[in-house]
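Down below is the structure, laid out as structure tokens.
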Amino acid sequence: MTNRDIITAIEAVCPPECQESWDNSGWQVGSPGADCTGALLCVDVTEAILDEAVAKGCNLVIAHHPLLFRATRQLTGRNRVERCVAKAFERGISVYSAHTSCDCAVKGVSIEMAGRLGLQDVEPLMPDGLGAIGNLAEPKPWKDFLNRVKSTFGVAALRHSIPPAADYVISRVALCGGAGGDLLPDAADKGADVLVTADCKLNFFLDDTDRIMLVDAGHFETEQCTKDIFYRAVTEKFPNFAVWKSNVERNPVEFF
């Protein structure tokens, strides 16, 4: 079985044609045609992830975020990207990324988030498949809903806008894994009471929040579910193949 065979299963769920034009999903490093000894799944490629792959006997790493995103003109080991590219080649590890190809997929990140929150009548938030919107089984006071978000996604601390009213109730929920604060007006227009996303700038907490709440649940927290999406994609097609979700990966953001 080759690396390409394994990635065929990933691309059946996260089609390359779904990625945004600015993105760099797909092969990052290595040889698609090499025999695959095992696959390790992660959100971000780090040196620790590559060491874990070696320890587990994996020569394929499947990540959500691209290792190569901005132009890399040298390989001198001066930063994480350069060191990881060099180490991957040295250790014979191929790296593949499913970034916005997973974000915009029919069963992608935001749809996965909706399922974990128990939303009903879920549909894409945007025509291109980005984001999701659905309904809670029962309306919840906004504080109760925020506690549910924290427990569901393992969030240490939430950033949120001032609710439009003290007794504000959440019934309809919009979601976008990763940086999706610019979708707030669309979520409000579609009747959402809240948008749960990440990486929100200050102005996002000012604009449109008279009619909808904005919740920043963290980038890693909202996208760590990609490992489960990848795991199902591979194991459903290759039940006996050696595939692991990383044990060493941790949220790079801490709270004091």
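Following the order of the structure tokens, first chain is A, next is B, and so on, with residues numbered from 1 inside each chain and ligands from 1 in the order they appear.
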
**Prompt:** Could you name the residues that touch range 238-251 of chain A at 7 Å or less, counting only C-alpha atoms, but leaving out those on the same chain fewer than 3 positions away, as a PyMOL selection string?
**Reply:** chain A and resi 38-42+49+220+227+234-235

**Asked** Which polymer residues have any atom within 7 Å of an atom of range 59-72 of chain A, counting only C-alpha atoms, with same-chain residues fewer than 5 positions away left out, as a PyMOL selection string?
**Response** chain A and resi 3+24-25+28+36-45+53+81+92-99+226

**Request:** Do a neighbour search on Lys107 in chain A at 10 Å with only C-alpha atoms, toss out local chain neighbours closer than 2 positions, and write the hits as a list in words.
**Result:**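 That gives Val13, Cys14, Cys102, Asp103, Cys104, Ala105, Val109, Ser110, Ile111, Glu112, Pro124, Gly129 and Ile229 of chain A.
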
**Prompt:** Which polymer residues have any atom within 12 Å of an atom of range 198-208 of chain A, counting only C-alpha atoms, with same-chain residues fewer than 6 positions away left out, as an NGL selection string?
**Reply:** :A and (110 or 155 or 158-164 or 175-189 or 192 or 214-223 or 253)

**Message:** as a ChimeraX atom specification, please: every residue in range 22-131 of chain A that a backbone DSSP assignment puts in alpha helix (DSSP H).
**Reply:** /A:47-56,80-91,100-103,109-116

**Request:** May I ask for the distance between CA of Trp27 in chain A and CA of Arg4 in chain A, given in Å to one decimal place?
**Result:** 9.8 Å
